[in-house]
>>> print(open('final.cif').read())   # mmCIF, C-alpha atoms
data_coords
#
loop_
_atom_site.label_atom_id
_atom_site.label_comp_id
_atom_site.auth_asym_id
_atom_site.auth_seq_id
_atom_site.Cartn_x
_atom_site.Cartn_y
_atom_site.Cartn_z
CA MET A 10 94.90 100.21 31.18
CA GLY A 11 94.51 100.36 27.42
CA THR A 12 97.94 98.91 26.82
CA LYS A 13 97.31 96.17 29.34
CA SER A 14 94.19 94.94 27.59
CA SER A 15 95.86 95.23 24.21
CA THR A 16 98.77 93.08 25.36
CA TRP A 17 96.28 90.52 26.63
CA THR A 18 94.49 90.34 23.30
CA SER A 19 97.79 90.28 21.43
CA ARG A 20 98.94 87.39 23.62
CA VAL A 21 95.74 85.50 22.99
CA SER A 22 96.00 86.08 19.28
CA ALA A 23 99.66 85.06 19.34
CA LEU A 24 98.75 81.80 21.04
CA PHE A 25 95.92 81.28 18.61
CA LEU A 26 98.18 81.94 15.62
CA LYS A 27 100.81 79.58 17.02
CA ASP A 28 98.29 76.74 17.12
CA PHE A 29 96.85 77.76 13.78
CA LYS A 30 100.23 77.83 12.04
CA SER A 31 101.39 74.54 13.50
CA GLU A 32 98.07 73.08 12.40
CA LEU A 33 98.52 74.37 8.86
CA ARG A 34 101.94 72.70 8.73
CA THR A 35 100.70 69.24 9.60
CA ARG A 36 96.94 69.56 9.17
CA TYR A 37 96.62 66.65 11.55
CA SER A 38 93.53 67.72 13.53
CA LEU A 39 91.92 69.35 10.56
CA ASN A 40 92.26 66.35 8.27
CA ALA A 41 91.16 63.94 10.99
CA LEU A 42 88.20 66.11 11.90
CA VAL A 43 86.93 66.73 8.40
CA MET A 44 87.50 63.17 7.20
CA PHE A 45 85.79 61.78 10.29
CA ALA A 46 82.80 64.01 9.69
CA VAL A 47 82.61 63.13 5.99
CA ILE A 48 82.87 59.41 6.72
CA THR A 49 80.17 59.51 9.38
CA LEU A 50 77.98 61.52 7.05
CA THR A 51 78.54 59.00 4.25
CA VAL A 52 77.70 56.11 6.56
CA VAL A 53 74.50 57.84 7.61
CA SER A 54 73.53 58.75 4.07
CA PHE A 55 74.44 55.30 2.76
CA SER A 56 72.51 53.42 5.40
CA ILE A 57 69.43 55.56 4.89
CA GLY A 58 69.45 55.00 1.13
CA MET A 59 66.10 55.70 -0.43
CA PHE A 60 64.14 56.40 2.75
CA SER A 61 62.96 59.91 3.30
CA LEU A 62 63.34 61.02 6.87
CA SER A 63 61.48 63.60 8.90
CA SER A 64 63.32 66.83 9.65
CA LYS A 65 63.38 65.87 13.33
CA ILE A 66 65.49 62.80 12.57
CA LYS A 67 67.65 64.69 10.10
CA SER A 68 68.50 67.39 12.62
CA SER A 69 69.31 64.71 15.20
CA LEU A 70 71.62 62.98 12.73
CA PHE A 71 73.23 66.28 11.83
CA TRP A 72 74.16 66.97 15.47
CA ILE A 73 75.24 63.41 16.09
CA VAL A 74 77.73 63.81 13.22
CA ILE A 75 78.95 67.13 14.63
CA PHE A 76 79.15 65.75 18.17
CA PHE A 77 81.26 62.74 17.28
CA SER A 78 83.49 64.72 14.95
CA ALA A 79 84.08 67.20 17.76
CA MET A 80 84.85 64.30 20.07
CA SER A 81 87.45 63.01 17.63
CA GLY A 82 89.24 66.28 17.02
CA LEU A 83 88.79 68.93 19.67
CA ALA A 84 90.77 67.21 22.44
CA GLN A 85 93.95 67.47 20.37
CA VAL A 86 94.41 71.10 21.31
CA PHE A 87 95.74 70.21 24.76
CA ILE A 88 96.85 66.63 24.12
CA LYS A 89 99.40 67.77 21.56
CA GLU A 90 100.99 70.09 24.13
CA GLU A 91 101.33 67.17 26.54
CA GLU A 92 102.66 64.83 23.88
CA ALA A 93 105.21 67.31 22.60
CA LYS A 94 106.05 68.15 26.23
CA THR A 95 105.61 71.84 25.52
CA SER A 96 103.00 72.54 28.19
CA THR A 97 105.59 73.47 30.82
CA LEU A 98 107.15 75.99 28.50
CA LEU A 99 103.75 77.37 27.66
CA LYS A 100 103.09 77.77 31.39
CA LEU A 101 106.15 79.98 31.72
CA VAL A 102 105.36 82.13 28.72
CA ALA A 103 101.72 83.01 29.17
CA SER A 104 99.05 83.38 31.83
CA PRO A 105 96.46 80.58 32.15
CA GLU A 106 93.63 82.86 31.04
CA SER A 107 95.32 83.83 27.80
CA ILE A 108 96.28 80.22 27.08
CA PHE A 109 92.72 79.09 27.61
CA ALA A 110 91.35 81.93 25.49
CA GLY A 111 93.76 81.07 22.67
CA LYS A 112 92.86 77.39 22.76
CA LEU A 113 89.17 78.19 22.94
CA LEU A 114 89.40 80.44 19.93
CA TYR A 115 91.36 77.86 18.00
CA ASN A 116 88.82 75.12 18.75
CA LEU A 117 85.98 77.43 17.79
CA VAL A 118 87.58 78.23 14.43
CA LEU A 119 88.22 74.53 13.84
CA LEU A 120 84.62 73.62 14.61
CA LEU A 121 83.17 76.43 12.51
CA PHE A 122 85.35 75.39 9.60
CA LEU A 123 84.11 71.84 10.00
CA GLU A 124 80.53 73.08 9.94
CA ILE A 125 81.16 75.08 6.77
CA VAL A 126 82.17 71.82 5.12
CA ILE A 127 79.49 69.65 6.69
CA VAL A 128 76.37 71.79 6.26
CA PRO A 129 76.41 71.90 2.43
CA LEU A 130 77.28 68.21 2.27
CA PHE A 131 74.46 67.39 4.62
CA VAL A 132 72.04 69.45 2.57
CA ILE A 133 73.13 67.71 -0.63
CA MET A 134 73.43 64.13 0.59
CA LEU A 135 70.41 63.92 2.86
CA GLY A 136 68.17 66.48 1.19
CA PHE A 137 68.13 68.52 4.36
CA SER A 138 66.00 71.57 3.76
CA ILE A 139 66.57 74.66 5.87
CA LEU A 140 63.57 76.93 5.51
CA ASN A 141 64.58 79.55 8.07
CA PHE A 142 68.27 79.94 7.32
CA TRP A 143 69.01 82.78 9.76
CA LEU A 144 67.52 80.91 12.69
CA PHE A 145 69.58 77.88 11.67
CA LEU A 146 72.71 80.01 11.57
CA CYS A 147 72.03 81.45 15.04
CA VAL A 148 71.42 77.97 16.47
CA LEU A 149 74.56 76.66 14.79
CA VAL A 150 76.82 79.47 16.01
CA LEU A 151 75.46 79.57 19.57
CA GLY A 152 75.50 75.77 19.76
CA SER A 153 79.09 75.63 18.56
CA LEU A 154 80.09 78.27 21.07
CA GLY A 155 78.60 76.30 23.95
CA LEU A 156 80.05 73.06 22.66
CA VAL A 157 83.52 74.53 22.35
CA CYS A 158 83.42 76.16 25.81
CA ALA A 159 82.48 72.86 27.44
CA THR A 160 84.81 70.63 25.43
CA THR A 161 87.93 72.81 25.67
CA ILE A 162 88.05 72.61 29.47
CA ILE A 163 87.38 68.87 29.30
CA ALA A 164 90.17 68.56 26.74
CA ALA A 165 92.47 70.22 29.27
CA ILE A 166 91.38 67.72 31.93
CA VAL A 167 91.69 64.72 29.61
CA ALA A 168 95.18 65.73 28.43
CA LYS A 169 96.47 65.03 31.95
CA ALA A 170 94.83 61.60 32.23
CA SER A 171 96.25 58.34 30.96
CA VAL A 172 93.49 57.11 28.64
CA LYS A 173 92.70 60.15 26.60
CA GLY A 174 90.58 59.27 23.59
CA ALA A 175 87.76 57.31 25.16
CA LEU A 176 87.64 59.44 28.28
CA PHE A 177 87.00 62.62 26.33
CA ALA A 178 83.64 61.43 25.00
CA VAL A 179 82.70 59.86 28.33
CA LEU A 180 83.34 63.09 30.22
CA SER A 181 81.83 65.38 27.60
CA PHE A 182 78.55 63.63 26.94
CA PRO A 183 76.73 64.21 30.26
CA ILE A 184 77.80 67.85 30.24
CA LEU A 185 76.84 68.42 26.60
CA LEU A 186 73.48 66.67 26.82
CA PRO A 187 71.35 69.76 27.60
CA LEU A 188 73.10 71.56 24.74
CA LEU A 189 72.51 68.69 22.31
CA VAL A 190 68.84 68.37 23.17
CA THR A 191 68.29 72.12 22.71
CA VAL A 192 70.34 72.42 19.57
CA ILE A 193 68.50 69.52 17.93
CA SER A 194 65.14 71.04 18.74
CA GLY A 195 66.33 74.43 17.42
CA THR A 196 67.67 72.94 14.21
CA ASN A 197 64.44 71.07 13.72
CA LEU A 198 62.44 74.29 14.10
CA ALA A 199 64.72 76.12 11.66
CA SER A 200 64.48 73.37 9.06
CA GLU A 201 60.69 73.40 9.30
CA GLY A 202 60.69 77.14 8.73
CA ALA A 203 59.58 78.30 12.18
CA SER A 204 59.85 82.01 12.92
CA PHE A 205 62.42 83.59 15.20
CA SER A 206 59.90 84.05 18.00
CA GLN A 207 59.20 80.31 18.01
CA GLY A 208 62.90 79.50 18.20
CA LEU A 209 63.60 82.18 20.77
CA ARG A 210 63.34 79.84 23.75
CA ASP A 211 65.98 77.52 22.30
CA LEU A 212 68.27 80.43 21.49
CA GLN A 213 67.91 81.74 25.04
CA ILE A 214 68.88 78.38 26.49
CA LEU A 215 71.83 78.05 24.11
CA PHE A 216 73.00 81.56 24.89
CA SER A 217 72.82 81.08 28.65
CA TYR A 218 74.52 77.69 28.37
CA ALA A 219 77.37 79.24 26.39
CA VAL A 220 77.76 82.11 28.86
CA VAL A 221 77.67 79.86 31.93
CA MET A 222 80.13 77.39 30.42
CA PHE A 223 82.41 80.19 29.28
CA VAL A 224 82.60 81.74 32.74
CA ALA A 225 82.86 78.42 34.57
CA SER A 226 85.57 77.05 32.32
CA PHE A 227 87.61 80.24 32.61
CA LEU A 228 87.39 80.12 36.39
CA LEU A 229 88.15 76.42 36.62
CA PHE A 230 90.96 76.36 34.06
CA ASP A 231 93.40 77.80 36.61
CA PHE A 232 93.04 74.68 38.73
CA VAL A 233 93.50 72.33 35.81
CA TRP A 234 96.50 74.14 34.50
CA GLU A 235 98.45 75.16 37.64
CA GLU A 236 100.01 72.01 39.16
CA MET B 1 76.70 54.60 68.52
CA TRP B 2 73.15 55.29 69.68
CA TRP B 3 72.20 57.02 66.44
CA LYS B 4 73.19 54.00 64.39
CA ILE B 5 70.83 51.84 66.44
CA LEU B 6 68.21 54.49 65.92
CA ILE B 7 68.67 54.31 62.12
CA GLY B 8 68.22 50.55 62.28
CA LEU B 9 65.04 50.88 64.31
CA LEU B 10 63.69 53.68 62.14
CA ILE B 11 64.22 51.78 58.89
CA THR B 12 62.71 48.62 60.39
CA VAL B 13 59.61 50.50 61.44
CA VAL B 14 59.41 52.12 58.00
CA VAL B 15 59.70 48.79 56.19
CA ILE B 16 57.06 47.15 58.38
CA SER B 17 54.61 50.01 58.05
CA VAL B 18 55.14 50.26 54.29
CA PHE B 19 54.03 46.67 53.86
CA LEU B 20 51.28 46.62 56.46
CA MET B 21 49.38 49.80 55.74
CA PRO B 22 46.94 50.07 52.82
CA PRO B 23 48.62 50.89 49.50
CA PRO B 24 49.13 54.64 49.07
CA GLN B 25 47.57 54.65 45.62
CA LYS B 26 44.29 52.84 44.98
CA GLU B 27 44.52 52.36 41.19
CA LEU B 28 48.06 51.02 41.22
CA GLY B 29 47.60 48.88 44.30
CA ASP B 30 50.58 47.14 45.82
CA ILE B 31 53.05 48.41 43.22
CA SER B 32 52.75 51.90 44.59
CA ARG B 33 54.45 50.78 47.81
CA ILE B 34 57.76 51.04 45.97
CA PHE B 35 57.25 54.79 46.21
CA PHE B 36 58.52 54.70 49.82
CA PHE B 37 61.84 53.21 48.75
CA HIS B 38 62.31 54.62 45.29
CA VAL B 39 61.85 58.30 46.08
CA PRO B 40 64.18 58.36 49.14
CA VAL B 41 66.84 56.48 47.15
CA ALA B 42 66.56 59.00 44.31
CA TRP B 43 66.71 61.81 46.87
CA VAL B 44 69.94 60.40 48.31
CA THR B 45 71.37 60.21 44.77
CA VAL B 46 70.89 63.95 44.37
CA LEU B 47 72.06 64.65 47.94
CA ALA B 48 75.30 62.75 47.34
CA PHE B 49 75.85 64.72 44.14
CA LEU B 50 75.47 67.96 46.09
CA VAL B 51 77.82 66.77 48.84
CA ALA B 52 80.42 65.79 46.23
CA MET B 53 80.19 69.21 44.59
CA ILE B 54 80.52 71.10 47.88
CA ASN B 55 83.54 69.00 48.83
CA SER B 56 85.08 69.64 45.42
CA VAL B 57 84.72 73.40 45.87
CA LEU B 58 86.23 73.12 49.35
CA TYR B 59 89.10 71.06 48.00
CA LEU B 60 89.92 73.60 45.32
CA SER B 61 89.90 76.48 47.79
CA LYS B 62 91.61 74.77 50.76
CA LYS B 63 93.69 72.04 49.05
CA ASN B 64 93.08 69.69 51.96
CA PRO B 65 93.15 66.03 50.76
CA VAL B 66 90.35 65.13 53.19
CA TYR B 67 87.89 67.05 51.04
CA ASP B 68 88.97 65.08 48.02
CA ILE B 69 88.38 61.81 49.86
CA GLN B 70 84.97 63.06 50.94
CA ALA B 71 84.05 64.05 47.39
CA ALA B 72 85.20 60.69 46.04
CA VAL B 73 83.35 58.70 48.69
CA SER B 74 80.21 60.73 48.21
CA SER B 75 80.33 60.00 44.48
CA GLN B 76 80.88 56.29 45.04
CA VAL B 77 77.94 56.03 47.39
CA GLY B 78 75.92 58.25 45.07
CA PHE B 79 76.69 55.94 42.17
CA LEU B 80 75.35 52.99 44.14
CA PHE B 81 72.18 54.86 45.02
CA ALA B 82 71.79 56.04 41.41
CA ILE B 83 71.81 52.40 40.28
CA LEU B 84 69.25 51.52 42.96
CA ALA B 85 67.06 54.45 41.93
CA THR B 86 67.27 53.50 38.25
CA VAL B 87 66.46 49.85 38.86
CA SER B 88 63.63 50.48 41.30
CA GLY B 89 62.24 53.10 38.92
CA ALA B 90 62.41 50.67 36.02
CA ILE B 91 60.53 48.02 38.02
CA PHE B 92 57.85 50.54 38.85
CA ALA B 93 57.70 51.75 35.23
CA LYS B 94 57.23 48.19 33.97
CA ASN B 95 54.23 47.67 36.21
CA ALA B 96 52.70 51.09 35.94
CA TRP B 97 53.34 51.98 32.29
CA GLY B 98 54.09 48.61 30.71
CA SER B 99 57.77 48.96 29.83
CA TYR B 100 60.96 49.16 31.82
CA TRP B 101 62.26 52.24 30.09
CA ASN B 102 60.26 55.14 28.68
CA TRP B 103 62.66 58.07 28.60
CA ASP B 104 60.41 60.21 30.68
CA PRO B 105 62.01 63.30 32.27
CA ARG B 106 62.65 61.66 35.61
CA GLU B 107 64.23 58.61 34.07
CA ILE B 108 66.42 60.85 31.93
CA SER B 109 67.59 62.90 34.88
CA VAL B 110 68.48 59.88 36.99
CA PHE B 111 70.18 58.30 34.01
CA ILE B 112 72.28 61.43 33.45
CA LEU B 113 73.27 61.47 37.10
CA LEU B 114 74.36 57.86 36.65
CA LEU B 115 76.43 58.89 33.61
CA ILE B 116 78.03 61.79 35.48
CA TYR B 117 78.93 59.58 38.43
CA GLY B 118 80.31 56.99 36.02
CA ALA B 119 82.35 59.60 34.15
CA TYR B 120 83.67 61.04 37.40
CA LEU B 121 84.78 57.64 38.67
CA ALA B 122 86.29 56.78 35.27
CA LEU B 123 88.26 60.01 35.39
CA ARG B 124 89.53 59.23 38.87
CA SER B 125 90.70 55.79 37.84
CA ALA B 126 92.48 57.20 34.78
CA ILE B 127 94.83 59.50 36.72
CA GLU B 128 97.58 58.14 38.90
CA MET B 129 99.11 61.15 40.65
CA GLU B 130 97.11 61.92 43.79
CA ASP B 131 97.21 65.73 43.58
CA ARG B 132 96.37 65.77 39.94
CA LYS B 133 93.55 63.29 40.43
CA ALA B 134 92.06 65.38 43.21
CA ASN B 135 92.36 68.60 41.26
CA LEU B 136 90.95 67.41 37.96
CA SER B 137 88.11 65.38 39.39
CA ALA B 138 87.08 68.33 41.57
CA VAL B 139 86.96 70.52 38.47
CA TYR B 140 84.88 67.96 36.63
CA SER B 141 82.50 67.55 39.54
CA ILE B 142 81.81 71.30 39.62
CA LEU B 143 81.46 71.47 35.85
CA ALA B 144 78.95 68.64 35.86
CA PHE B 145 76.97 70.22 38.67
CA ILE B 146 76.62 73.46 36.74
CA THR B 147 74.82 71.70 33.87
CA VAL B 148 72.10 70.25 36.10
CA PRO B 149 69.91 73.40 36.16
CA PHE B 150 69.87 73.29 32.35
CA LEU B 151 68.59 69.74 32.42
CA VAL B 152 65.80 70.80 34.73
CA PHE B 153 64.68 73.35 32.13
CA VAL B 154 65.52 71.56 28.91
CA VAL B 155 64.53 67.94 29.37
CA PRO B 156 60.89 68.25 30.47
CA ARG B 157 60.23 70.69 27.64
CA VAL B 158 61.28 68.27 24.93
CA PHE B 159 60.15 64.95 26.33
CA GLN B 160 56.98 65.95 28.12
CA SER B 161 54.64 65.11 25.28
CA LEU B 162 55.79 61.49 25.14
CA HIS B 163 54.75 60.52 28.65
CA PRO B 164 51.71 62.18 30.04
CA THR B 165 51.41 59.48 32.73
CA ASP B 166 54.52 60.79 34.38
CA SER B 167 52.60 62.74 36.96
CA ILE B 168 51.17 59.77 38.88
CA ILE B 169 53.58 60.08 41.73
CA ASN B 170 53.74 63.82 41.50
CA SER B 171 50.01 64.44 41.75
CA GLN B 172 49.86 61.89 44.51
CA ILE B 173 52.30 63.83 46.64
CA LYS B 174 50.64 67.13 46.08
CA ILE B 175 46.96 66.30 45.97
CA GLN B 176 46.23 63.23 48.02
CA MET B 177 48.70 62.21 50.63
CA PRO B 178 46.98 61.17 53.84
CA PRO B 179 48.78 62.08 57.09
CA LEU B 180 49.84 58.48 57.73
CA VAL B 181 51.37 58.10 54.26
CA LEU B 182 53.14 61.42 54.65
CA LEU B 183 54.54 60.38 58.02
CA VAL B 184 55.88 57.07 56.70
CA PHE B 185 57.27 58.79 53.62
CA LEU B 186 59.11 61.44 55.63
CA SER B 187 60.48 58.83 58.04
CA SER B 188 61.69 56.80 55.10
CA LEU B 189 63.34 59.91 53.65
CA LEU B 190 65.02 60.61 56.97
CA GLY B 191 66.05 56.97 57.41
CA PHE B 192 67.69 56.75 54.00
CA SER B 193 69.43 60.11 54.43
CA LEU B 194 70.88 58.99 57.75
CA LEU B 195 71.87 55.69 56.18
CA PHE B 196 73.76 57.69 53.56
CA VAL B 197 75.55 59.68 56.27
CA TRP B 198 76.50 56.44 58.00
CA ILE B 199 77.87 54.75 54.89
CA TYR B 200 79.60 57.99 53.95
CA ASN B 201 81.41 58.32 57.30
CA LEU B 202 82.33 54.66 57.37
CA GLU B 203 83.70 54.76 53.83
CA ILE B 204 85.76 57.90 54.58
CA LYS B 205 87.37 56.19 57.57
CA VAL B 206 88.14 53.11 55.46
CA THR B 207 89.65 55.21 52.67
CA ILE B 208 91.85 57.17 55.06
CA LEU B 209 93.05 53.94 56.68
CA HIS B 210 93.79 52.44 53.26
CA LYS B 211 95.80 55.52 52.38
CA LYS B 212 97.79 55.30 55.62
CA ILE B 213 98.57 51.62 55.05
CA LYS B 214 99.68 52.40 51.52
CA GLU B 215 101.92 55.23 52.68
CA SER B 216 103.53 53.19 55.48
CA SER B 217 104.15 50.25 53.16
CA THR B 218 105.79 52.44 50.52
CA ILE B 219 108.10 54.03 53.12
CA LYS B 220 109.38 50.62 54.20
#
>>> encode(input="final.cif", output="structure tokens")
Amino acid sequence: MGTKSSTWTSRVSALFLKDFKSELRTRYSLNALVMFAVITLTVVSFSIGMFSLSSKIKSSLFWIVIFFSAMSGLAQVFIKEEEAKTSTLLKLVASPESIFAGKLLYNLVLLLFLEIVIVPLFVIMLGFSILNFWLFLCVLVLGSLGLVCATTIIAAIVAKASVKGALFAVLSFPILLPLLVTVISGTNLASEGASFSQGLRDLQILFSYAVVMFVASFLLFDFVWEE
Amino acid sequence: MWWKILIGLLITVVVISVFLMPPPQKELGDISRIFFFHVPVAWVTVLAFLVAMINSVLYLSKKNPVYDIQAAVSSQVGFLFAILATVSGAIFAKNAWGSYWNWDPREISVFILLLIYGAYLALRSAIEMEDRKANLSAVYSILAFITVPFLVFVVPRVFQSLHPTDSIINSQIKIQMPPLVLLVFLSSLLGFSLLFVWIYNLEIKVTILHKKIKESSTIK
């Protein structure tokens, strides 16, 4: 039993490393993702100019930047397999669960890296103050987890369709809406310095969303991938 | 056959009684009559969403193409009803609250349903292979259905403070609904639900016929 689970994790990590290494060679998704986020951020900051915004608006803008950057980059994880025609080979080598876990992990790392770049920039360029940093961190991590769980399965769906880019955002938005609303309210609370108990409700919703999406996407991935 | 005539009669009676009886809400007057059409239409929107999800689950477990057709038809009809619900709601909102769109929780939920239906139909039109289309759209339909409970919790919590007048219809149902109003309302609900079943069955037959014609023409 122990060896079985260890082979599963080693397979997942092998798949993750495969994506990670091929990404480091070209840096296609990474560059696109980070540059997209920086450009959107600059546009936002530039258009605001001298106005000072409330923290509510700033947290909304912050998540809009993250959302659209995610939309521009996270679908690549499956699209590139289809474009390189390697998905059939991948099907032979690994089980659907381990493929999905590897892709999920890869997307999560990509998104977290993006956030490491974006958060300081956002703080500097928009004067975004985060009074309760730990609450902010919890909201950010749980929100990213939910976002990645939902978008990875949609990326798998979109990779099989003919118009990929536009469809990804169209399919993701209705599903991500509850997450976005919650994450914006949580970020707003954190930036205003609310305590953990005040933000608890948002964290609970984010946590349950992430868990539900995680389970559902794992169960449904079989059907997307089999064919 | 007889039940279709019955639907016609039922809806006729409902329409006549809606316009002849005194308005269900005194302060709003005649505008509140829209309640008898708007709420059943919104109800059918949700019903169609549920039917589509159940058919999607059945498709994934049984792999019978009929379930896929049923899910697709249910979504198409649901999309139509979602537009009707949104428009009739906006007309009511304009007269009751002064603007067509207020982003109150109900408007948000119907709007999201509209988006989900739109996304689902966009996905279907973007895939050409039949099996693949059926598979992927069934997955999306289930995925979208799962998020609905979150909306029920999340949306009212954030947007409640903006629109305290939201509860006009709600309080009306719960607190003061005279027996006659209740009767007409329930008949209207039943009428529209049956109308949905009718359109749904008709549309399924049409789709299956279309498919057969397509198949026979490609063989030749």
>>> interface_residues(input="final.cif", of="chain A", to="chain B", cutoff="9 Å", atoms="only C-alpha atoms", output="PyMOL selection string")
chain A and resi 159+163+166-167+169-173+176+179-188+190-191+194+211+214+218+221-222+225-226+229-230+232-233+236
>>> closest_residue(input="final.cif", among="A:Leu39, A:Val150, A:Met134, A:Val224", to="Met59 (chain A)", atoms="only C-alpha atoms")
A:Met134
>>> closest_residue(input="final.cif", among="A:Gly155, A:Ile162, A:Phe109, A:Phe177", to="Phe216 (chain A)", atoms="only C-alpha atoms")
A:Gly155
>>> resolve_selection(input="final.cif", expression="the PyMOL selection byres ((chain B and resi 78) around 10)", output="ChimeraX atom specification")
/B:41-42,44-52,72-77,79-84,113-114,117,196,200
>>> atom_distance(input="final.cif", atom1="CA of Ile127 (chain A)", atom2="CA of Ser69 (chain A)")
14.2 Å
>>> residues_around(input="final.cif", residues="region 19-27 of chain A", least_positions_apart="2", cutoff="12 Å", atoms="all atoms listed in the file", output="mmCIF file with C-alpha atoms, in the coordinates of the input")
data_model
loop_
_atom_site.group_PDB
_atom_site.id
_atom_site.type_symbol
_atom_site.label_atom_id
_atom_site.label_comp_id
_atom_site.auth_asym_id
_atom_site.auth_seq_id
_atom_site.Cartn_x
_atom_site.Cartn_y
_atom_site.Cartn_z
ATOM 1 C CA THR A 12 97.940 98.910 26.820
ATOM 2 C CA LYS A 13 97.310 96.170 29.340
ATOM 3 C CA SER A 14 94.190 94.940 27.590
ATOM 4 C CA SER A 15 95.860 95.230 24.210
ATOM 5 C CA THR A 16 98.770 93.080 25.360
ATOM 6 C CA TRP A 17 96.280 90.520 26.630
ATOM 7 C CA PHE A 29 96.850 77.760 13.780
ATOM 8 C CA LYS A 30 100.230 77.830 12.040
ATOM 9 C CA SER A 31 101.390 74.540 13.500
ATOM 10 C CA GLU A 32 98.070 73.080 12.400
ATOM 11 C CA LEU A 33 98.520 74.370 8.860
ATOM 12 C CA ARG A 34 101.940 72.700 8.730
ATOM 13 C CA VAL A 86 94.410 71.100 21.310
ATOM 14 C CA GLU A 90 100.990 70.090 24.130
ATOM 15 C CA LEU A 99 103.750 77.370 27.660
ATOM 16 C CA LYS A 100 103.090 77.770 31.390
ATOM 17 C CA VAL A 102 105.360 82.130 28.720
ATOM 18 C CA ALA A 103 101.720 83.010 29.170
ATOM 19 C CA SER A 104 99.050 83.380 31.830
ATOM 20 C CA PRO A 105 96.460 80.580 32.150
ATOM 21 C CA GLU A 106 93.630 82.860 31.040
ATOM 22 C CA SER A 107 95.320 83.830 27.800
ATOM 23 C CA ILE A 108 96.280 80.220 27.080
ATOM 24 C CA PHE A 109 92.720 79.090 27.610
ATOM 25 C CA ALA A 110 91.350 81.930 25.490
ATOM 26 C CA GLY A 111 93.760 81.070 22.670
ATOM 27 C CA LYS A 112 92.860 77.390 22.760
ATOM 28 C CA LEU A 113 89.170 78.190 22.940
ATOM 29 C CA LEU A 114 89.400 80.440 19.930
ATOM 30 C CA TYR A 115 91.360 77.860 18.000
ATOM 31 C CA ASN A 116 88.820 75.120 18.750
ATOM 32 C CA LEU A 117 85.980 77.430 17.790
ATOM 33 C CA VAL A 118 87.580 78.230 14.430
ATOM 34 C CA LEU A 119 88.220 74.530 13.840
#
>>> resolve_selection(input="final.cif", expression="the PyMOL selection byres ((chain B and resi 27-36) around 12)", output="number ranges by chain")
B: 11, 14-26, 37-43, 84-85, 87-97, 168-170, 172-173, 181-192
>>> residues_around(input="final.cif", residues="Gly208 (chain A)", least_positions_apart="3", cutoff="8 Å", atoms="only C-alpha atoms", output="compact mmCIF listing (two decimals) with C-alpha atoms, keeping the file's coordinate frame")
# COMPACT_ATOMS: atom_id res chain seq x y z
CA LEU A 144 67.52 80.91 12.69
CA GLY A 195 66.33 74.43 17.42
CA LEU A 198 62.44 74.29 14.10
CA ALA A 199 64.72 76.12 11.66
CA ALA A 203 59.58 78.30 12.18
CA SER A 204 59.85 82.01 12.92
CA PHE A 205 62.42 83.59 15.20
CA ASP A 211 65.98 77.52 22.30
CA LEU A 212 68.27 80.43 21.49
>>> resolve_selection(input="final.cif", expression="the PyMOL selection byres ((chain A and resi 153) around 10)", output="ChimeraX atom specification")
/A:75-76,79,116-118,120-121,124,147-152,154-159,188,192,215,219
>>> write_last_selection(input="final.cif", atoms="C-alpha atoms", output="compact mmCIF listing (two decimals), keeping the file's coordinate frame")
# COMPACT_ATOMS: atom_id res chain seq x y z
CA ILE A 75 78.95 67.13 14.63
CA PHE A 76 79.15 65.75 18.17
CA ALA A 79 84.08 67.20 17.76
CA ASN A 116 88.82 75.12 18.75
CA LEU A 117 85.98 77.43 17.79
CA VAL A 118 87.58 78.23 14.43
CA LEU A 120 84.62 73.62 14.61
CA LEU A 121 83.17 76.43 12.51
CA GLU A 124 80.53 73.08 9.94
CA CYS A 147 72.03 81.45 15.04
CA VAL A 148 71.42 77.97 16.47
CA LEU A 149 74.56 76.66 14.79
CA VAL A 150 76.82 79.47 16.01
CA LEU A 151 75.46 79.57 19.57
CA GLY A 152 75.50 75.77 19.76
CA LEU A 154 80.09 78.27 21.07
CA GLY A 155 78.60 76.30 23.95
CA LEU A 156 80.05 73.06 22.66
CA VAL A 157 83.52 74.53 22.35
CA CYS A 158 83.42 76.16 25.81
CA ALA A 159 82.48 72.86 27.44
CA LEU A 188 73.10 71.56 24.74
CA VAL A 192 70.34 72.42 19.57
CA LEU A 215 71.83 78.05 24.11
CA ALA A 219 77.37 79.24 26.39
>>> decode(input="final.cif", residues="region 13-18 of chain B", atoms="N, CA and C atoms", output="CSV table (one decimal), in the first residue's frame")
chain,number,residue,atom,x,y,z
B,13,VAL,N,-57.1,30.8,-19.0
B,13,VAL,CA,-57.8,31.2,-17.8
B,13,VAL,C,-56.9,32.0,-16.9
B,14,VAL,N,-55.7,31.6,-16.8
B,14,VAL,CA,-54.7,32.3,-15.9
B,14,VAL,C,-54.6,33.7,-16.4
B,15,VAL,N,-54.4,33.9,-17.7
B,15,VAL,CA,-54.1,35.2,-18.3
B,15,VAL,C,-55.4,36.1,-18.0
B,16,ILE,N,-56.6,35.6,-18.3
B,16,ILE,CA,-57.8,36.4,-18.1
B,16,ILE,C,-57.9,36.8,-16.6
B,17,SER,N,-57.7,35.8,-15.7
B,17,SER,CA,-57.9,36.1,-14.3
B,17,SER,C,-56.9,37.1,-13.8
B,18,VAL,N,-55.6,37.0,-14.3
B,18,VAL,CA,-54.6,37.9,-13.9
B,18,VAL,C,-55.0,39.3,-14.2
